[in-house]
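Next comes structure-v6.cif, a file with mmCIF, C-alpha atoms and all ligand atoms.
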```cif
data_model
#
loop_
_atom_site.group_PDB
_atom_site.id
_atom_site.type_symbol
_atom_site.label_atom_id
_atom_site.label_comp_id
_atom_site.auth_asym_id
_atom_site.auth_seq_id
_atom_site.Cartn_x
_atom_site.Cartn_y
_atom_site.Cartn_z
ATOM 1 C CA MET V 1 -124.191 40.256 -14.605
ATOM 2 C CA ASP V 2 -122.933 43.789 -14.033
ATOM 3 C CA THR V 3 -124.609 46.930 -15.272
ATOM 4 C CA ALA V 4 -122.219 47.561 -18.156
ATOM 5 C CA GLU V 5 -123.006 44.207 -19.714
ATOM 6 C CA ARG V 6 -126.712 44.873 -19.343
ATOM 7 C CA VAL V 7 -126.654 48.090 -21.364
ATOM 8 C CA LEU V 8 -128.592 47.745 -24.586
ATOM 9 C CA ALA V 9 -127.355 49.099 -27.902
ATOM 10 C CA TYR V 10 -127.802 52.866 -28.445
ATOM 11 C CA GLY V 11 -127.998 53.655 -24.720
ATOM 12 C CA GLY V 12 -125.661 53.918 -21.764
ATOM 13 C CA GLY V 13 -123.209 56.080 -23.652
ATOM 14 C CA SER V 14 -120.292 57.483 -21.691
ATOM 15 C CA LEU V 15 -120.941 61.013 -22.954
ATOM 16 C CA ASP V 16 -121.627 63.588 -20.231
ATOM 17 C CA ARG V 17 -124.595 65.513 -21.643
ATOM 18 C CA ALA V 18 -123.455 68.562 -19.680
ATOM 19 C CA GLY V 19 -126.918 70.102 -19.464
ATOM 20 C CA PRO V 20 -125.818 73.358 -17.775
ATOM 21 C CA LEU V 21 -123.640 74.227 -20.797
ATOM 22 C CA ARG V 22 -126.737 74.326 -23.009
ATOM 23 C CA THR V 23 -127.759 77.595 -21.379
ATOM 24 C CA ASP V 24 -124.281 79.141 -21.670
ATOM 25 C CA PRO V 25 -124.012 80.304 -25.301
ATOM 26 C CA THR V 26 -120.712 82.104 -24.701
ATOM 27 C CA ARG V 27 -119.000 78.973 -23.426
ATOM 28 C CA LEU V 28 -120.638 76.813 -26.102
ATOM 29 C CA GLY V 29 -119.478 79.200 -28.828
ATOM 30 C CA ALA V 30 -115.935 78.975 -27.513
ATOM 31 C CA LEU V 31 -116.073 75.167 -27.334
ATOM 32 C CA LEU V 32 -117.331 74.996 -30.903
ATOM 33 C CA THR V 33 -114.107 76.455 -32.258
ATOM 34 C CA GLU V 34 -111.727 74.862 -29.752
ATOM 35 C CA ALA V 35 -109.048 72.728 -31.424
ATOM 36 C CA THR V 36 -109.846 69.665 -29.311
ATOM 37 C CA SER V 37 -113.598 69.710 -29.987
ATOM 38 C CA VAL V 38 -115.072 67.213 -32.438
ATOM 39 C CA LEU V 39 -117.959 67.419 -34.860
ATOM 40 C CA LEU V 40 -119.999 64.447 -36.070
ATOM 41 C CA PRO V 41 -121.533 65.077 -39.494
ATOM 42 C CA ILE V 42 -124.927 63.463 -40.169
ATOM 43 C CA TRP V 43 -126.625 63.250 -43.542
ATOM 44 C CA ARG V 44 -130.361 62.467 -43.545
ATOM 45 C CA ASP V 45 -130.252 60.081 -40.569
ATOM 46 C CA ARG V 46 -127.032 58.455 -41.718
ATOM 47 C CA CYS V 47 -123.461 58.534 -40.379
ATOM 48 C CA LEU V 48 -120.681 59.579 -42.725
ATOM 49 C CA VAL V 49 -117.913 57.012 -42.567
ATOM 50 C CA ASP V 50 -114.385 56.472 -43.817
ATOM 51 C CA GLY V 51 -112.336 53.265 -43.638
ATOM 52 C CA HIS V 52 -112.235 53.442 -39.825
ATOM 53 C CA GLY V 53 -115.897 54.139 -39.072
ATOM 54 C CA PRO V 54 -117.936 57.307 -38.524
ATOM 55 C CA VAL V 55 -115.779 60.392 -39.073
ATOM 56 C CA ARG V 56 -115.070 62.780 -36.204
ATOM 57 C CA LEU V 57 -114.052 66.171 -37.536
ATOM 58 C CA SER V 58 -112.001 68.897 -35.928
ATOM 59 C CA ALA V 59 -110.467 72.246 -36.793
ATOM 60 C CA GLU V 60 -110.705 73.431 -40.412
ATOM 61 C CA ARG V 61 -112.798 70.538 -41.690
ATOM 62 C CA ALA V 62 -115.269 71.011 -38.840
ATOM 63 C CA ALA V 63 -115.530 74.751 -39.590
ATOM 64 C CA LEU V 64 -116.198 74.002 -43.262
ATOM 65 C CA VAL V 65 -118.937 71.488 -42.411
ATOM 66 C CA ARG V 66 -120.532 73.852 -39.884
ATOM 67 C CA SER V 67 -120.714 76.596 -42.487
ATOM 68 C CA ALA V 68 -122.786 74.313 -44.740
ATOM 69 C CA ALA V 69 -124.807 72.613 -42.013
ATOM 70 C CA GLY V 70 -128.503 73.146 -41.323
ATOM 71 C CA GLU V 71 -128.128 72.874 -37.574
ATOM 72 C CA THR V 72 -125.157 72.277 -35.345
ATOM 73 C CA VAL V 73 -126.035 70.836 -31.934
ATOM 74 C CA PHE V 74 -124.086 70.243 -28.742
ATOM 75 C CA LEU V 75 -124.181 66.599 -27.682
ATOM 76 C CA GLY V 76 -122.001 66.753 -24.576
ATOM 77 C CA LEU V 77 -118.520 66.196 -23.184
ATOM 78 C CA ASP V 78 -116.413 63.111 -23.799
ATOM 79 C CA GLY V 79 -113.960 63.657 -20.952
ATOM 80 C CA GLU V 80 -112.610 67.127 -21.748
ATOM 81 C CA THR V 81 -113.638 66.947 -25.407
ATOM 82 C CA ALA V 82 -116.773 68.794 -26.495
ATOM 83 C CA VAL V 83 -118.800 66.780 -29.021
ATOM 84 C CA PHE V 84 -121.079 68.453 -31.548
ATOM 85 C CA ALA V 85 -123.115 67.122 -34.457
ATOM 86 C CA ALA V 86 -123.947 68.927 -37.691
ATOM 87 C CA ASP V 87 -126.703 68.267 -40.184
ATOM 88 C CA LEU V 88 -125.660 68.129 -43.848
ATOM 89 C CA SER V 89 -129.038 66.872 -45.046
ATOM 90 C CA ALA V 90 -129.608 69.891 -47.333
ATOM 91 C CA LEU V 91 -126.685 68.832 -49.528
ATOM 92 C CA PRO V 92 -126.734 66.063 -52.114
ATOM 93 C CA GLU V 93 -125.226 62.899 -50.639
ATOM 94 C CA ARG V 94 -122.012 63.086 -52.645
ATOM 95 C CA SER V 95 -121.351 66.690 -51.587
ATOM 96 C CA ALA V 96 -121.975 65.850 -47.916
ATOM 97 C CA VAL V 97 -119.654 62.846 -48.069
ATOM 98 C CA GLU V 98 -116.871 64.820 -49.784
ATOM 99 C CA MET V 99 -117.190 67.804 -47.485
ATOM 100 C CA ALA V 100 -116.839 65.537 -44.442
ATOM 101 C CA GLY V 101 -113.807 63.751 -45.924
ATOM 102 C CA ALA V 102 -115.791 60.515 -45.719
ATOM 103 C CA VAL V 103 -116.303 57.791 -48.306
ATOM 104 C CA ARG V 104 -119.983 56.991 -47.884
ATOM 105 C CA SER V 105 -123.065 57.302 -45.687
ATOM 106 C CA VAL V 106 -124.320 54.405 -43.554
ATOM 107 C CA ASP V 107 -127.217 53.804 -41.166
ATOM 108 C CA VAL V 108 -125.834 53.409 -37.640
ATOM 109 C CA ARG V 109 -127.962 50.269 -37.251
ATOM 110 C CA ALA V 110 -125.889 48.624 -39.950
ATOM 111 C CA LEU V 111 -122.705 49.413 -37.995
ATOM 112 C CA VAL V 112 -123.816 48.687 -34.464
ATOM 113 C CA GLY V 113 -122.019 45.371 -33.970
ATOM 114 C CA ARG V 114 -118.735 46.864 -35.167
ATOM 115 C CA LEU V 115 -118.840 50.094 -33.175
ATOM 116 C CA GLU V 116 -117.889 50.577 -29.555
ATOM 117 C CA PRO V 117 -121.219 50.734 -27.650
ATOM 118 C CA GLY V 118 -120.511 54.347 -26.616
ATOM 119 C CA ASP V 119 -119.900 55.354 -30.229
ATOM 120 C CA ALA V 120 -123.122 53.701 -31.402
ATOM 121 C CA ALA V 121 -124.990 55.540 -28.631
ATOM 122 C CA VAL V 122 -123.614 58.954 -29.576
ATOM 123 C CA GLN V 123 -124.264 58.419 -33.284
ATOM 124 C CA ALA V 124 -127.853 57.396 -32.566
ATOM 125 C CA TYR V 125 -128.285 60.411 -30.258
ATOM 126 C CA ALA V 126 -126.955 62.766 -32.956
ATOM 127 C CA ARG V 127 -129.182 61.213 -35.566
ATOM 128 C CA GLY V 128 -132.328 61.464 -33.439
ATOM 129 C CA LEU V 129 -131.712 65.060 -32.316
ATOM 130 C CA LEU V 130 -130.969 66.335 -35.825
ATOM 131 C CA HIS V 131 -133.975 64.462 -37.196
ATOM 132 C CA TRP V 132 -136.164 66.331 -34.717
ATOM 133 C CA HIS V 133 -134.793 69.701 -35.877
ATOM 134 C CA ARG V 134 -135.654 68.883 -39.483
ATOM 135 C CA GLN V 135 -139.202 67.936 -38.471
ATOM 136 C CA GLN V 136 -139.800 70.904 -36.170
ATOM 137 C CA ARG V 137 -138.957 73.856 -38.387
ATOM 138 C CA PHE V 138 -142.242 75.595 -37.631
ATOM 139 C CA CYS V 139 -144.295 76.270 -34.529
ATOM 140 C CA GLY V 140 -147.253 73.906 -34.278
ATOM 141 C CA THR V 141 -149.358 76.564 -32.538
ATOM 142 C CA CYS V 142 -149.069 79.600 -34.832
ATOM 143 C CA GLY V 143 -147.122 78.289 -37.843
ATOM 144 C CA ALA V 144 -144.252 80.790 -37.582
ATOM 145 C CA PRO V 145 -140.692 79.557 -38.118
ATOM 146 C CA ALA V 146 -138.953 78.172 -35.040
ATOM 147 C CA VAL V 147 -135.251 78.629 -34.345
ATOM 148 C CA ALA V 148 -132.848 76.371 -32.471
ATOM 149 C CA GLY V 149 -131.484 77.329 -29.068
ATOM 150 C CA GLY V 150 -130.164 75.736 -25.906
ATOM 151 C CA GLY V 151 -127.262 74.117 -27.724
ATOM 152 C CA GLY V 152 -129.781 72.436 -30.030
ATOM 153 C CA HIS V 153 -132.019 71.009 -27.281
ATOM 154 C CA LEU V 154 -135.008 73.268 -27.868
ATOM 155 C CA ARG V 155 -136.543 75.445 -30.551
ATOM 156 C CA THR V 156 -138.341 78.740 -30.008
ATOM 157 C CA CYS V 157 -141.199 80.143 -32.064
ATOM 158 C CA THR V 158 -140.103 83.418 -33.695
ATOM 159 C CA ASP V 159 -143.552 85.028 -33.427
ATOM 160 C CA THR V 160 -143.121 87.467 -30.559
ATOM 161 C CA GLU V 161 -146.690 87.086 -29.302
ATOM 162 C CA CYS V 162 -146.510 83.297 -29.353
ATOM 163 C CA GLY V 163 -142.877 82.544 -28.474
ATOM 164 C CA ARG V 164 -143.685 78.921 -27.720
ATOM 165 C CA LEU V 165 -140.811 76.686 -26.633
ATOM 166 C CA LEU V 166 -140.597 73.372 -28.485
ATOM 167 C CA PHE V 167 -138.721 70.436 -26.996
ATOM 168 C CA PRO V 168 -137.631 67.152 -28.622
ATOM 169 C CA ARG V 169 -140.415 64.563 -28.386
ATOM 170 C CA ILE V 170 -139.905 60.935 -27.439
ATOM 171 C CA GLU V 171 -142.399 58.323 -28.609
ATOM 172 C CA PRO V 172 -142.581 55.471 -26.081
ATOM 173 C CA ALA V 173 -143.555 51.977 -27.151
ATOM 174 C CA VAL V 174 -144.047 48.870 -25.049
ATOM 175 C CA ILE V 175 -142.532 45.547 -26.057
ATOM 176 C CA VAL V 176 -143.746 42.508 -24.211
ATOM 177 C CA LEU V 177 -142.782 38.922 -23.615
ATOM 178 C CA VAL V 178 -146.055 37.197 -22.758
ATOM 179 C CA GLU V 179 -145.861 33.887 -20.884
ATOM 180 C CA ALA V 180 -148.556 31.255 -21.043
ATOM 181 C CA PRO V 181 -150.615 30.682 -17.876
ATOM 182 C CA GLY V 182 -149.577 28.205 -15.231
ATOM 183 C CA ARG V 183 -145.803 28.445 -15.529
ATOM 184 C CA SER V 184 -145.904 26.130 -18.528
ATOM 185 C CA GLY V 185 -142.629 27.428 -19.977
ATOM 186 C CA ARG V 186 -144.079 28.868 -23.151
ATOM 187 C CA CYS V 187 -144.016 32.383 -24.541
ATOM 188 C CA LEU V 188 -146.044 34.121 -27.204
ATOM 189 C CA LEU V 189 -144.363 35.267 -30.406
ATOM 190 C CA ALA V 190 -145.941 36.716 -33.489
ATOM 191 C CA ARG V 191 -145.311 37.007 -37.175
ATOM 192 C CA HIS V 192 -145.799 40.634 -38.183
ATOM 193 C CA ALA V 193 -147.165 41.799 -41.514
ATOM 194 C CA GLY V 194 -144.244 42.524 -43.804
ATOM 195 C CA ALA V 195 -141.811 40.316 -41.857
ATOM 196 C CA ALA V 196 -140.100 37.321 -43.411
ATOM 197 C CA GLU V 197 -142.062 34.042 -43.668
ATOM 198 C CA ASP V 198 -140.481 32.451 -40.613
ATOM 199 C CA ALA V 199 -139.635 35.544 -38.526
ATOM 200 C CA TYR V 200 -141.295 35.638 -35.103
ATOM 201 C CA SER V 201 -140.858 38.357 -32.522
ATOM 202 C CA THR V 202 -142.359 39.624 -29.292
ATOM 203 C CA LEU V 203 -145.425 41.852 -29.417
ATOM 204 C CA ALA V 204 -145.106 45.629 -29.310
ATOM 205 C CA GLY V 205 -147.079 48.818 -29.712
ATOM 206 C CA PHE V 206 -147.048 52.559 -29.098
ATOM 207 C CA VAL V 207 -148.259 54.075 -25.851
ATOM 208 C CA GLU V 208 -151.282 56.311 -26.350
ATOM 209 C CA ILE V 209 -152.098 59.608 -24.660
ATOM 210 C CA GLY V 210 -153.677 59.044 -21.270
ATOM 211 C CA GLU V 211 -152.195 55.578 -20.749
ATOM 212 C CA SER V 212 -149.642 54.287 -18.312
ATOM 213 C CA LEU V 213 -147.062 51.912 -19.764
ATOM 214 C CA GLU V 214 -148.884 49.025 -18.066
ATOM 215 C CA ASP V 215 -152.205 50.156 -19.560
ATOM 216 C CA ALA V 216 -150.571 50.121 -22.994
ATOM 217 C CA VAL V 217 -149.281 46.572 -22.419
ATOM 218 C CA ARG V 218 -152.750 45.320 -21.486
ATOM 219 C CA ARG V 219 -154.460 47.124 -24.380
ATOM 220 C CA GLU V 220 -151.927 46.134 -27.045
ATOM 221 C CA MET V 221 -151.906 42.465 -26.066
ATOM 222 C CA GLY V 222 -155.698 42.445 -26.194
ATOM 223 C CA GLU V 223 -155.933 44.263 -29.521
ATOM 224 C CA GLU V 224 -153.146 42.477 -31.334
ATOM 225 C CA ALA V 225 -153.427 38.935 -30.049
ATOM 226 C CA GLY V 226 -156.744 38.748 -28.193
ATOM 227 C CA VAL V 227 -154.861 37.936 -25.004
ATOM 228 C CA THR V 228 -155.744 39.219 -21.538
ATOM 229 C CA VAL V 229 -152.601 39.638 -19.434
ATOM 230 C CA THR V 230 -151.805 40.069 -15.748
ATOM 231 C CA ASP V 231 -148.592 40.449 -13.705
ATOM 232 C CA VAL V 232 -147.177 43.125 -15.998
ATOM 233 C CA SER V 233 -143.588 43.704 -14.888
ATOM 234 C CA TYR V 234 -140.926 46.103 -16.143
ATOM 235 C CA GLN V 235 -137.763 44.551 -17.594
ATOM 236 C CA GLY V 236 -135.750 47.477 -18.927
ATOM 237 C CA SER V 237 -135.761 50.126 -21.609
ATOM 238 C CA GLN V 238 -133.871 50.945 -24.754
ATOM 239 C CA ALA V 239 -133.194 54.203 -26.560
ATOM 240 C CA TRP V 240 -134.462 53.756 -30.108
ATOM 241 C CA PRO V 241 -133.995 57.117 -31.824
ATOM 242 C CA PHE V 242 -135.090 55.854 -35.251
ATOM 243 C CA PRO V 243 -136.438 58.486 -35.282
ATOM 244 C CA ALA V 244 -137.741 59.132 -31.741
ATOM 245 C CA GLY V 245 -138.563 55.880 -30.005
ATOM 246 C CA LEU V 246 -138.091 54.654 -26.474
ATOM 247 C CA MET V 247 -138.698 50.912 -26.212
ATOM 248 C CA VAL V 248 -139.916 49.833 -22.783
ATOM 249 C CA GLY V 249 -139.670 46.103 -22.145
ATOM 250 C CA PHE V 250 -142.157 44.124 -20.048
ATOM 251 C CA ARG V 251 -143.150 40.646 -19.145
ATOM 252 C CA ALA V 252 -146.740 39.674 -18.619
ATOM 253 C CA THR V 253 -148.715 36.478 -18.067
ATOM 254 C CA ALA V 254 -151.702 35.502 -20.186
ATOM 255 C CA THR V 255 -154.855 34.348 -18.436
ATOM 256 C CA SER V 256 -155.620 31.829 -21.179
ATOM 257 C CA ASP V 257 -153.901 29.915 -23.989
ATOM 258 C CA GLU V 258 -156.299 31.271 -26.558
ATOM 259 C CA VAL V 259 -154.884 33.613 -29.174
ATOM 260 C CA LEU V 260 -156.763 35.620 -31.782
ATOM 261 C CA VAL V 261 -154.753 37.819 -34.151
ATOM 262 C CA ASP V 262 -156.193 40.661 -36.187
ATOM 263 C CA GLY V 263 -154.712 39.317 -39.451
ATOM 264 C CA GLU V 264 -153.555 42.811 -40.412
ATOM 265 C CA GLU V 265 -150.792 43.953 -38.078
ATOM 266 C CA LEU V 266 -150.146 40.400 -36.971
ATOM 267 C CA LEU V 267 -150.495 37.475 -39.354
ATOM 268 C CA GLU V 268 -150.012 34.801 -36.728
ATOM 269 C CA ALA V 269 -149.179 34.446 -33.038
ATOM 270 C CA ARG V 270 -148.378 31.233 -31.237
ATOM 271 C CA TRP V 271 -146.771 29.759 -28.151
ATOM 272 C CA PHE V 272 -143.152 28.584 -28.241
ATOM 273 C CA THR V 273 -141.386 26.416 -25.688
ATOM 274 C CA ARG V 274 -137.825 27.169 -24.678
ATOM 275 C CA ALA V 275 -136.682 24.031 -26.510
ATOM 276 C CA GLU V 276 -138.310 25.245 -29.726
ATOM 277 C CA LEU V 277 -136.629 28.643 -29.453
ATOM 278 C CA ARG V 278 -133.254 27.067 -28.762
ATOM 279 C CA ASP V 279 -133.702 24.871 -31.834
ATOM 280 C CA ARG V 280 -134.551 27.902 -33.922
ATOM 281 C CA ALA V 281 -131.503 29.780 -32.686
ATOM 282 C CA ALA V 282 -129.292 26.728 -33.274
ATOM 283 C CA SER V 283 -130.487 26.526 -36.864
ATOM 284 C CA GLY V 284 -129.515 30.132 -37.528
ATOM 285 C CA ARG V 285 -132.903 31.818 -37.156
ATOM 286 C CA PRO V 286 -132.216 34.855 -34.965
ATOM 287 C CA LEU V 287 -134.167 35.601 -31.806
ATOM 288 C CA GLY V 288 -135.158 39.120 -32.829
ATOM 289 C CA ARG V 289 -132.776 41.829 -33.979
ATOM 290 C CA ALA V 290 -129.426 41.364 -32.245
ATOM 291 C CA ASP V 291 -129.323 45.070 -31.284
ATOM 292 C CA SER V 292 -132.854 45.178 -29.863
ATOM 293 C CA ILE V 293 -134.536 44.749 -26.506
ATOM 294 C CA ASP V 294 -136.676 42.082 -28.190
ATOM 295 C CA HIS V 295 -133.567 39.885 -28.360
ATOM 296 C CA ARG V 296 -132.771 40.679 -24.718
ATOM 297 C CA LEU V 297 -136.269 39.779 -23.499
ATOM 298 C CA LEU V 298 -136.040 36.430 -25.264
ATOM 299 C CA THR V 299 -132.505 35.530 -24.206
ATOM 300 C CA ASP V 300 -133.261 36.446 -20.583
ATOM 301 C CA TRP V 301 -136.334 34.230 -20.628
ATOM 302 C CA LEU V 302 -134.421 31.345 -22.229
ATOM 303 C CA ALA V 303 -131.730 31.584 -19.573
ATOM 304 C CA GLU V 304 -134.307 30.855 -16.850
ATOM 305 C CA GLY V 305 -135.224 27.359 -17.849
HETATM 306 ZN ZN ZN V 401 -145.777 80.076 -32.405
#
```
Since I need it in another form, could you write the structure as structure tokens?
Ligand SMILES: [Zn+2]
Amino acid sequence: MDTAERVLAYGGGSLDRAGPLRTDPTRLGALLTEATSVLLPIWRDRCLVDGHGPVRLSAERAALVRSAAGETVFLGLDGETAVFAADLSALPERSAVEMAGAVRSVDVRALVGRLEPGDAAVQAYARGLLHWHRQQRFCGTCGAPAVAGGGGHLRTCTDTECGRLLFPRIEPAVIVLVEAPGRSGRCLLARHAGAAEDAYSTLAGFVEIGESLEDAVRREMGEEAGVTVTDVSYQGSQAWPFPAGLMVGFRATATSDEVLVDGEELLEARWFTRAELRDRAASGRPLGRADSIDHRLLTDWLAEG
């Protein structure tokens, strides 16, 4: 399978992030008002859509939206076209929708199957970056207001003695397909608290400070399912800016069949054979979210046996 087919939703976008332009405010200012540039309006983590999908604004409409926006950020270059995103979250929803010439707001995750992968990636990127600006209005060191700079890729504390630079934070999480010992062709899936009665998925958890990704895999599998794992191997990663995640996929092998769930985060965890998972899929029960690395880990594993 070639690389393009292996790209997971929300990543692998074709946008050139054009990092050097972020430190060239003169050029960025000129691009912002160029007739060919486009502006993606975002309202409180949601795309603004018309009958064709997320709106892409230019010229007068873009200028109007920018004048009302909280932050306008530079996302990159789509060929020769500069792409910006603007945050209309301060407006009531109806005002934001009307100003953008849209008809409604939608979560990009509800659109992902219908969007070109590159468009889903850029919408998710815009959403995540603007979310960070709304959450990082003040300096965490001295409490003074922080202002956006670098084309929207950093914020600077306005206190002259502090002047701390604040960068967007990514929160990595590991997601793991655990195989039973002895190449027995079974994998461990769990029912999470709050999930539907018959919804099973792979195990996952956030990486903590002072851990490698592999450390986090071993700790999470122990804590959540009482399973000791070895042979932790990287499978791929997925941008998950909802709001700031990076999902890092692994496989690991349990040293024993025994499973002990905490009963809080996980209600149940058990071993599934490939035949069982195929039966579930055939009867319409999805193997994880279709747009997620969870689904990819499972379908890859199924394809091997
Ligand atoms: Zn400060």
Could you tell me which residues the PyMOL selection byres (((not hetatm)) within 12 of (chain V and resi 401)) grabs in this file, written as a ChimeraX atom specification? /V:136-147,155-166
With a cut-off of 12 Å, could you pull out the residues of stretch 159-252 of chain V touching stretch 41-45 of chain V and give me the nearest pair of atoms for each, distance in Å to one decimal, using all atoms listed in the file, ordered by chain and ascending number, as JSON lines?
```
{"residue": "V:Pro241", "atom": "CA", "partner": "V:Asp45", "partner_atom": "CA", "distance": 10.0}
{"residue": "V:Phe242", "atom": "CA", "partner": "V:Asp45", "partner_atom": "CA", "distance": 8.3}
{"residue": "V:Pro243", "atom": "CA", "partner": "V:Asp45", "partner_atom": "CA", "distance": 8.3}
{"residue": "V:Ala244", "atom": "CA", "partner": "V:Asp45", "partner_atom": "CA", "distance": 11.6}
```
Enclose all atoms of stretch 134-149 of chain V listed in the file in an axis-aligned box, grow every side by 4 Å, and hand back centre and edge lengths in Å to one decimal, as JSON.
```
{"center_x": -140.4, "center_y": 74.4, "center_z": -34.3, "size_x": 25.9, "size_y": 20.9, "size_z": 18.4}
```
Evaluate the PyMOL selection byres (((chain V and resi 66) around 12) and not hetatm) against this structure - the residues, as a ChimeraX atom specification, please. /V:32-33,38-42,57-65,67-73,84-88,96,99-100
I'd like to see the residues matched by the PyMOL selection byres (((chain V and resi 109) around 12) and not hetatm) on this file, and ideally I'd get them as a ChimeraX atom specification. /V:9-10,45-47,106-108,110-115,117,119-121,123-124,127,240-243,289-292
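With only C-alpha atoms as the basis for measurement, V:Ser105 is the residue among V:Ser105, V:Thr36, V:Thr273, V:Ser95 that approaches V:Asp50 most closely.
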With all atoms listed in the file as the counted atoms, please give the residues lying no more than 8 Å from V:Leu129, apart from itself and same-chain residues fewer than 6 positions off, as a tab-separated table (two decimals) with C-alpha atoms, keeping the file's coordinate frame.
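The resulting file, result.tsv, is shown below:
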```
chain	number	residue	atom	x	y	z
V	152	GLY	CA	-129.78	72.44	-30.03
V	153	HIS	CA	-132.02	71.01	-27.28
V	168	PRO	CA	-137.63	67.15	-28.62
```
Residues near stretch 174-188 of chain V, anyone? I mean within 7 Å using all atoms listed in the file, not counting same-chain ones fewer than 2 positions away, as JSON, numbers by chain. {"V": [172, 190, 202, 203, 204, 205, 206, 207, 213, 216, 217, 247, 248, 249, 250, 251, 252, 253, 254, 255, 256, 257, 269, 270, 271, 272, 273, 274, 297]}
Determine, counting only C-alpha atoms, which protein, DNA and RNA residues have an atom within 6 Å of an atom of stretch 13-29 of chain V; residues of the same chain fewer than 3 positions away are not included. Present the result as a PyMOL selection string. chain V and resi 32+76-78+118+121+150-151
Can you tell me how far atom CA of V:His131 sits from atom CA of V:Ala148, in Å to one decimal?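 Going from atom CA of V:His131 over to atom CA of V:Ala148, I get 12.9 Å.
The space between atom CA of V:Pro54 and atom CA of V:Glu93 spans 15.2 Å.
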What is the atom CA of V:Gly263-atom CA of V:Ala195 distance in Å, reported with one decimal?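 A separation of 13.2 Å between them.
The nearest approach to V:Ile293 among the residues V:Gly12, V:Gly236, V:Gly101, V:Gly226, with all atoms listed in the file taken into account, belongs to V:Gly236.
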Identify, on the basis of all atoms listed in the file, every residue whose closest approach to V:Ala196 does not exceed 12 Å; exclude the query and any residue fewer than 4 positions from it along the same chain; express the result as a PyMOL selection string. chain V and resi 190-192+200-201+267+285-286+288
I need the residue nearest V:Glu34 from this list: V:Leu154, V:Ala239, V:Val97, V:Ala82. Use only C-alpha atoms for the distance.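 Ranked by minimum distance to V:Glu34, first place goes to V:Ala82.
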Counting only C-alpha atoms, what is within 8 Å of V:Arg218, bar same-chain residues fewer than 6 positions away, as a ChimeraX atom specification? /V:228-230
Because the input lacks atoms here, generate all heavy atoms for stretch 151-155 of chain V and report them as a compact mmCIF listing (two decimals), keeping the file's coordinate frame.
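And here's out03.txt as it stands now:
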```txt
# COMPACT_ATOMS: atom_id res chain seq x y z
N GLY V 151 -128.24 75.09 -27.23
CA GLY V 151 -127.26 74.12 -27.72
C GLY V 151 -127.89 73.09 -28.66
O GLY V 151 -127.30 72.06 -28.95
N GLY V 152 -129.11 73.37 -29.11
CA GLY V 152 -129.78 72.44 -30.03
C GLY V 152 -130.77 71.52 -29.32
O GLY V 152 -131.26 70.57 -29.91
N HIS V 153 -131.10 71.87 -28.04
CA HIS V 153 -132.02 71.01 -27.28
C HIS V 153 -133.41 71.62 -27.11
O HIS V 153 -134.23 71.10 -26.36
CB HIS V 153 -131.38 70.63 -25.94
CG HIS V 153 -130.18 69.76 -26.15
ND1 HIS V 153 -130.25 68.39 -26.17
CD2 HIS V 153 -128.90 70.08 -26.46
CE1 HIS V 153 -129.05 67.90 -26.45
NE2 HIS V 153 -128.22 68.90 -26.63
N LEU V 154 -133.66 72.73 -27.78
CA LEU V 154 -135.01 73.27 -27.87
C LEU V 154 -135.10 74.13 -29.11
O LEU V 154 -134.09 74.46 -29.74
CB LEU V 154 -135.37 74.07 -26.61
CG LEU V 154 -134.57 75.34 -26.28
CD1 LEU V 154 -135.10 76.54 -27.05
CD2 LEU V 154 -134.69 75.64 -24.78
N ARG V 155 -136.31 74.47 -29.50
CA ARG V 155 -136.54 75.44 -30.55
C ARG V 155 -137.55 76.45 -30.01
O ARG V 155 -138.37 76.12 -29.14
CB ARG V 155 -137.06 74.79 -31.83
CG ARG V 155 -136.04 73.88 -32.48
CD ARG V 155 -136.53 73.23 -33.75
NE ARG V 155 -136.58 74.13 -34.90
CZ ARG V 155 -135.56 74.40 -35.70
NH1 ARG V 155 -134.37 73.84 -35.49
NH2 ARG V 155 -135.72 75.23 -36.72
```
